[in-house]
Amino acid sequence: MIPWLETHSPFPDVSEALTLDAPGLLAAGADLSPQRLLAAYQRGIFPWFSEGQPILWWSTDPRMVLMTADFRTSDSLRKSLRRVERSMHEGGRWQVRFDSAFESVMRACAGPRRDGPGTWISEDIISGYTGLHALGHAHSSELWLDGELVGGAYGVCIGRMFYGESMFARVTDGSKIALAYLVDFLRSQGVAMIDCQQETAHLASLGAAPIPRAAFLAHLRAAIGHPALRGWDQAPRLRSPSPDLRNTQ
């Protein structure tokens, strides 16, 4: 039996999360205010629930994470990145931006997918995370083509800890390009780990891997104590996400 949280109820310790039936499920209830979301992420807890369910809070073990140094770029993605980088350098059709259309990225992530309906991202979720964005704790990486948003990713950032939430693509490699620029920026800011929450084959193909929750929490506690990252308002550029991308000409 998991505890039901009222508006001012504290989270239980993550060690109380279920290990059977719904592994990682910790609690239900409360709200999705920016303050509640911050309290959750600072403890290694995240919300995940379907339409019609109460708010469900999770702390999975093991935890899927992407070390920024381990991000993998396929041959096709490297080609796409070179094309976008050249275009940005020359003032062409492609652009990558941070935080210029945060809510639009969320809504695109919530839309129908090729392999099924839309995601669990509800209006309440959008409201909570746009509140976090207004406070400087949630950010988006966006790919634009001829002024149209065609790919993106968003997540939560506390200190030097980034928590990835969702991605979308309307062109080939759109979400991966946005993620590559995000990973490169985070690496340049000393962020070593991106929380991916749950294990999927897609995340594994990008270099993510599961680690014990205890190791994840130890890293989190050290990372969130740093000052907030700076530079989200600057034009993104690829520094060197992989050796063969240093020369984009």
# chains A, B, ... in the order shown; residues from 1 in each chain; ligands from 1
$ residues_around --residues "Ile125 in chain A" --least-positions-apart "5" --cutoff "12 Å" --atoms "only C-alpha atoms" --output "list in words"
Asp31, Leu32, Ser33, Pro34, Leu37, Phe46, Pro47, Trp48, Phe49, Ser50, Glu51, Ile55, Glu103, Met106, Arg107, Cys109, Ala110, Thr119, Trp120, Thr130, Gly131, Leu132 and Glu165 of chain A
$ residues_around --residues "Arg36 in chain A" --least-positions-apart "6" --cutoff "12 Å" --atoms "only C-alpha atoms" --output "PyMOL selection string"
chain A and resi 5-11+29-30+42-43+45-47+55+57+128-129+131-132
$ closest_atom_pairs --of "range 41-101 of chain A" --to "range 14-25 of chain A" --cutoff "6 Å" --atoms "only C-alpha atoms" --output "JSON lines"
{"residue": "A:Trp58", "atom": "CA", "partner": "A:Leu25", "partner_atom": "CA", "distance": 4.5}
{"residue": "A:Ser59", "atom": "CA", "partner": "A:Gly24", "partner_atom": "CA", "distance": 4.8}
{"residue": "A:Thr60", "atom": "CA", "partner": "A:Gly24", "partner_atom": "CA", "distance": 4.1}
$ write_last_selection --atoms "N, CA and C atoms" --output "CSV table (one decimal), in the first residue's frame"
chain,number,residue,atom,x,y,z
A,58,TRP,N,7.4,8.3,-8.5
A,58,TRP,CA,8.2,7.1,-8.7
A,58,TRP,C,9.7,7.5,-8.3
A,59,SER,N,10.4,6.4,-7.9
A,59,SER,CA,11.8,6.4,-7.7
A,59,SER,C,12.3,5.0,-8.1
A,60,THR,N,12.7,4.9,-9.3
A,60,THR,CA,13.0,3.6,-9.9
A,60,THR,C,14.4,3.1,-9.4
$ residues_around --residues "range 62-68 of chain A" --least-positions-apart "4" --cutoff "7 Å" --atoms "only C-alpha atoms" --output "tab-separated table (two decimals) with N, CA and C atoms, in the first residue's frame"
chain	number	residue	atom	x	y	z
A	183	VAL	N	23.27	18.02	-24.82
A	183	VAL	CA	24.33	17.26	-24.15
A	183	VAL	C	25.65	18.03	-24.21
A	187	ARG	N	27.66	19.28	-20.95
A	187	ARG	CA	29.03	18.83	-20.71
A	187	ARG	C	29.96	20.03	-20.49
A	192	ALA	N	27.63	16.03	-15.57
A	192	ALA	CA	28.13	14.71	-15.96
A	192	ALA	C	27.02	13.71	-16.23
A	193	MET	N	25.83	13.94	-15.67
A	193	MET	CA	24.77	12.93	-15.74
A	193	MET	C	23.43	13.56	-16.11
A	194	ILE	N	22.71	12.87	-16.99
A	194	ILE	CA	21.32	13.20	-17.30
A	194	ILE	C	20.45	12.05	-16.80
A	195	ASP	N	19.48	12.36	-15.97
A	195	ASP	CA	18.54	11.35	-15.49
A	195	ASP	C	17.56	11.02	-16.61
A	196	CYS	N	17.47	9.75	-16.96
A	196	CYS	CA	16.52	9.30	-17.99
A	196	CYS	C	15.34	8.54	-17.39
A	197	GLN	N	15.38	8.31	-16.09
A	197	GLN	CA	14.27	7.74	-15.31
A	197	GLN	C	14.05	6.26	-15.57
A	198	GLN	N	13.62	5.89	-16.79
A	198	GLN	CA	13.25	4.52	-17.05
A	198	GLN	C	14.01	3.95	-18.24
A	199	GLU	N	14.24	2.66	-18.20
A	199	GLU	CA	15.07	2.00	-19.20
A	199	GLU	C	14.29	1.72	-20.48
A	207	GLY	N	23.42	5.72	-25.55
A	207	GLY	CA	24.49	5.64	-24.56
A	207	GLY	C	24.05	5.57	-23.13
A	208	ALA	N	22.73	5.61	-22.88
A	208	ALA	CA	22.24	5.54	-21.50
A	208	ALA	C	22.35	4.12	-20.96
A	209	ALA	N	22.45	4.01	-19.65
A	209	ALA	CA	22.58	2.70	-19.00
A	209	ALA	C	22.01	2.78	-17.58
A	210	PRO	N	21.53	1.68	-17.05
A	210	PRO	CA	20.99	1.69	-15.69
A	210	PRO	C	22.11	1.63	-14.65
A	211	ILE	N	21.90	2.34	-13.54
A	211	ILE	CA	22.80	2.27	-12.39
A	211	ILE	C	21.97	2.07	-11.14
A	212	PRO	N	22.54	1.57	-10.05
A	212	PRO	CA	21.77	1.42	-8.81
A	212	PRO	C	21.24	2.77	-8.33
A	213	ARG	N	20.05	2.74	-7.74
A	213	ARG	CA	19.47	3.99	-7.25
A	213	ARG	C	20.38	4.64	-6.23
A	216	PHE	N	22.87	6.66	-8.06
A	216	PHE	CA	22.21	7.82	-8.65
A	216	PHE	C	21.97	8.90	-7.61
$ select_by_dssp --residues "range 56-213 of chain A" --states "alpha helix (DSSP H)" --output "PDB file with C-alpha atoms, in the first residue's frame"
ATOM      1  CA  ASP A  75      26.973   8.020 -38.661  1.00  0.00           C
ATOM      2  CA  SER A  76      23.624   9.407 -39.848  1.00  0.00           C
ATOM      3  CA  LEU A  77      23.316  11.692 -36.829  1.00  0.00           C
ATOM      4  CA  ARG A  78      26.854  13.008 -37.312  1.00  0.00           C
ATOM      5  CA  LYS A  79      25.953  13.838 -40.904  1.00  0.00           C
ATOM      6  CA  SER A  80      22.804  15.650 -39.753  1.00  0.00           C
ATOM      7  CA  LEU A  81      24.733  17.575 -37.125  1.00  0.00           C
ATOM      8  CA  ARG A  82      27.318  18.716 -39.656  1.00  0.00           C
ATOM      9  CA  ARG A  83      24.542  19.950 -41.946  1.00  0.00           C
ATOM     10  CA  VAL A  84      22.837  21.895 -39.161  1.00  0.00           C
ATOM     11  CA  GLU A  85      26.105  23.337 -37.849  1.00  0.00           C
ATOM     12  CA  ARG A  86      27.095  24.555 -41.314  1.00  0.00           C
ATOM     13  CA  SER A  87      23.678  26.112 -41.798  1.00  0.00           C
ATOM     14  CA  MET A  88      23.842  27.924 -38.468  1.00  0.00           C
ATOM     15  CA  HIS A  89      27.337  29.192 -39.261  1.00  0.00           C
ATOM     16  CA  GLU A  90      26.195  30.489 -42.628  1.00  0.00           C
ATOM     17  CA  PHE A 102       9.488  25.868 -24.006  1.00  0.00           C
ATOM     18  CA  GLU A 103       5.722  25.318 -23.867  1.00  0.00           C
ATOM     19  CA  SER A 104       5.578  24.579 -27.600  1.00  0.00           C
ATOM     20  CA  VAL A 105       8.193  21.855 -27.111  1.00  0.00           C
ATOM     21  CA  MET A 106       6.139  20.348 -24.301  1.00  0.00           C
ATOM     22  CA  ARG A 107       2.984  20.381 -26.391  1.00  0.00           C
ATOM     23  CA  ALA A 108       4.800  18.795 -29.321  1.00  0.00           C
ATOM     24  CA  CYS A 109       6.090  16.069 -26.979  1.00  0.00           C
ATOM     25  CA  ALA A 110       2.498  15.493 -25.842  1.00  0.00           C
ATOM     26  CA  GLU A 123      -2.436  20.098 -19.252  1.00  0.00           C
ATOM     27  CA  ASP A 124      -1.617  19.830 -15.537  1.00  0.00           C
ATOM     28  CA  ILE A 125       1.865  18.557 -16.375  1.00  0.00           C
ATOM     29  CA  ILE A 126       2.359  21.381 -18.881  1.00  0.00           C
ATOM     30  CA  SER A 127       1.238  23.937 -16.297  1.00  0.00           C
ATOM     31  CA  GLY A 128       3.595  22.578 -13.635  1.00  0.00           C
ATOM     32  CA  TYR A 129       6.668  22.450 -15.849  1.00  0.00           C
ATOM     33  CA  THR A 130       6.064  25.814 -17.503  1.00  0.00           C
ATOM     34  CA  GLY A 131       5.979  27.129 -13.930  1.00  0.00           C
ATOM     35  CA  LEU A 132       9.378  25.519 -13.359  1.00  0.00           C
ATOM     36  CA  HIS A 133      10.591  27.089 -16.608  1.00  0.00           C
ATOM     37  CA  ALA A 134       9.478  30.530 -15.405  1.00  0.00           C
ATOM     38  CA  GLY A 174      15.125  16.095 -35.110  1.00  0.00           C
ATOM     39  CA  SER A 175      14.992  15.036 -31.473  1.00  0.00           C
ATOM     40  CA  LYS A 176      18.532  13.619 -31.540  1.00  0.00           C
ATOM     41  CA  ILE A 177      19.957  16.857 -32.965  1.00  0.00           C
ATOM     42  CA  ALA A 178      18.275  18.851 -30.203  1.00  0.00           C
ATOM     43  CA  LEU A 179      19.579  16.357 -27.646  1.00  0.00           C
ATOM     44  CA  ALA A 180      23.118  16.477 -29.077  1.00  0.00           C
ATOM     45  CA  TYR A 181      23.280  20.248 -28.655  1.00  0.00           C
ATOM     46  CA  LEU A 182      21.824  19.950 -25.168  1.00  0.00           C
ATOM     47  CA  VAL A 183      24.334  17.265 -24.148  1.00  0.00           C
ATOM     48  CA  ASP A 184      27.206  19.326 -25.524  1.00  0.00           C
ATOM     49  CA  PHE A 185      26.089  22.399 -23.586  1.00  0.00           C
ATOM     50  CA  LEU A 186      25.612  20.438 -20.364  1.00  0.00           C
ATOM     51  CA  ARG A 187      29.035  18.835 -20.714  1.00  0.00           C
ATOM     52  CA  SER A 188      30.613  22.274 -21.149  1.00  0.00           C
ATOM     53  CA  ALA A 201      16.065   0.480 -25.948  1.00  0.00           C
ATOM     54  CA  HIS A 202      16.025   3.918 -27.592  1.00  0.00           C
ATOM     55  CA  LEU A 203      17.806   5.539 -24.645  1.00  0.00           C
ATOM     56  CA  ALA A 204      20.292   2.665 -24.520  1.00  0.00           C
ATOM     57  CA  SER A 205      21.112   3.244 -28.203  1.00  0.00           C
ATOM     58  CA  ARG A 213      19.470   3.988  -7.247  1.00  0.00           C
TER      59      ARG A 213
END
$ select_by_dssp --residues "range 20-229 of chain A" --states "strand (DSSP E)" --output "PyMOL selection string"
chain A and resi 25-29+46-47+56-58+63-67+94-98+138-145+148-158+161-169+193-197+209-211
$ residues_around --residues "His139 in chain A" --least-positions-apart "3" --cutoff "6 Å" --atoms "only C-alpha atoms" --output "compact mmCIF listing (two decimals) with C-alpha atoms, in the first residue's frame"
# COMPACT_ATOMS: atom_id res chain seq x y z
CA ASP A 99 14.37 28.15 -24.22
CA TYR A 154 13.06 19.41 -22.50
CA GLY A 155 13.88 18.69 -18.90
$ residues_around --residues "range 222-239 of chain A" --least-positions-apart "2" --cutoff "6 Å" --atoms "only C-alpha atoms" --output "list in words"
Ile158, Gly159, Arg160, Met161, His219 and Leu220 of chain A
$ write_last_selection --atoms "C-alpha atoms" --output "mmCIF file, in the first residue's frame"
data_model
loop_
_atom_site.group_PDB
_atom_site.id
_atom_site.type_symbol
_atom_site.label_atom_id
_atom_site.label_comp_id
_atom_site.auth_asym_id
_atom_site.auth_seq_id
_atom_site.Cartn_x
_atom_site.Cartn_y
_atom_site.Cartn_z
ATOM 1 C CA ILE A 158 18.940 21.832 -10.618
ATOM 2 C CA GLY A 159 22.548 22.819 -10.057
ATOM 3 C CA ARG A 160 24.626 20.453 -12.206
ATOM 4 C CA MET A 161 21.923 17.788 -12.427
ATOM 5 C CA HIS A 219 25.578 11.746 -7.547
ATOM 6 C CA LEU A 220 22.367 13.787 -7.350
#
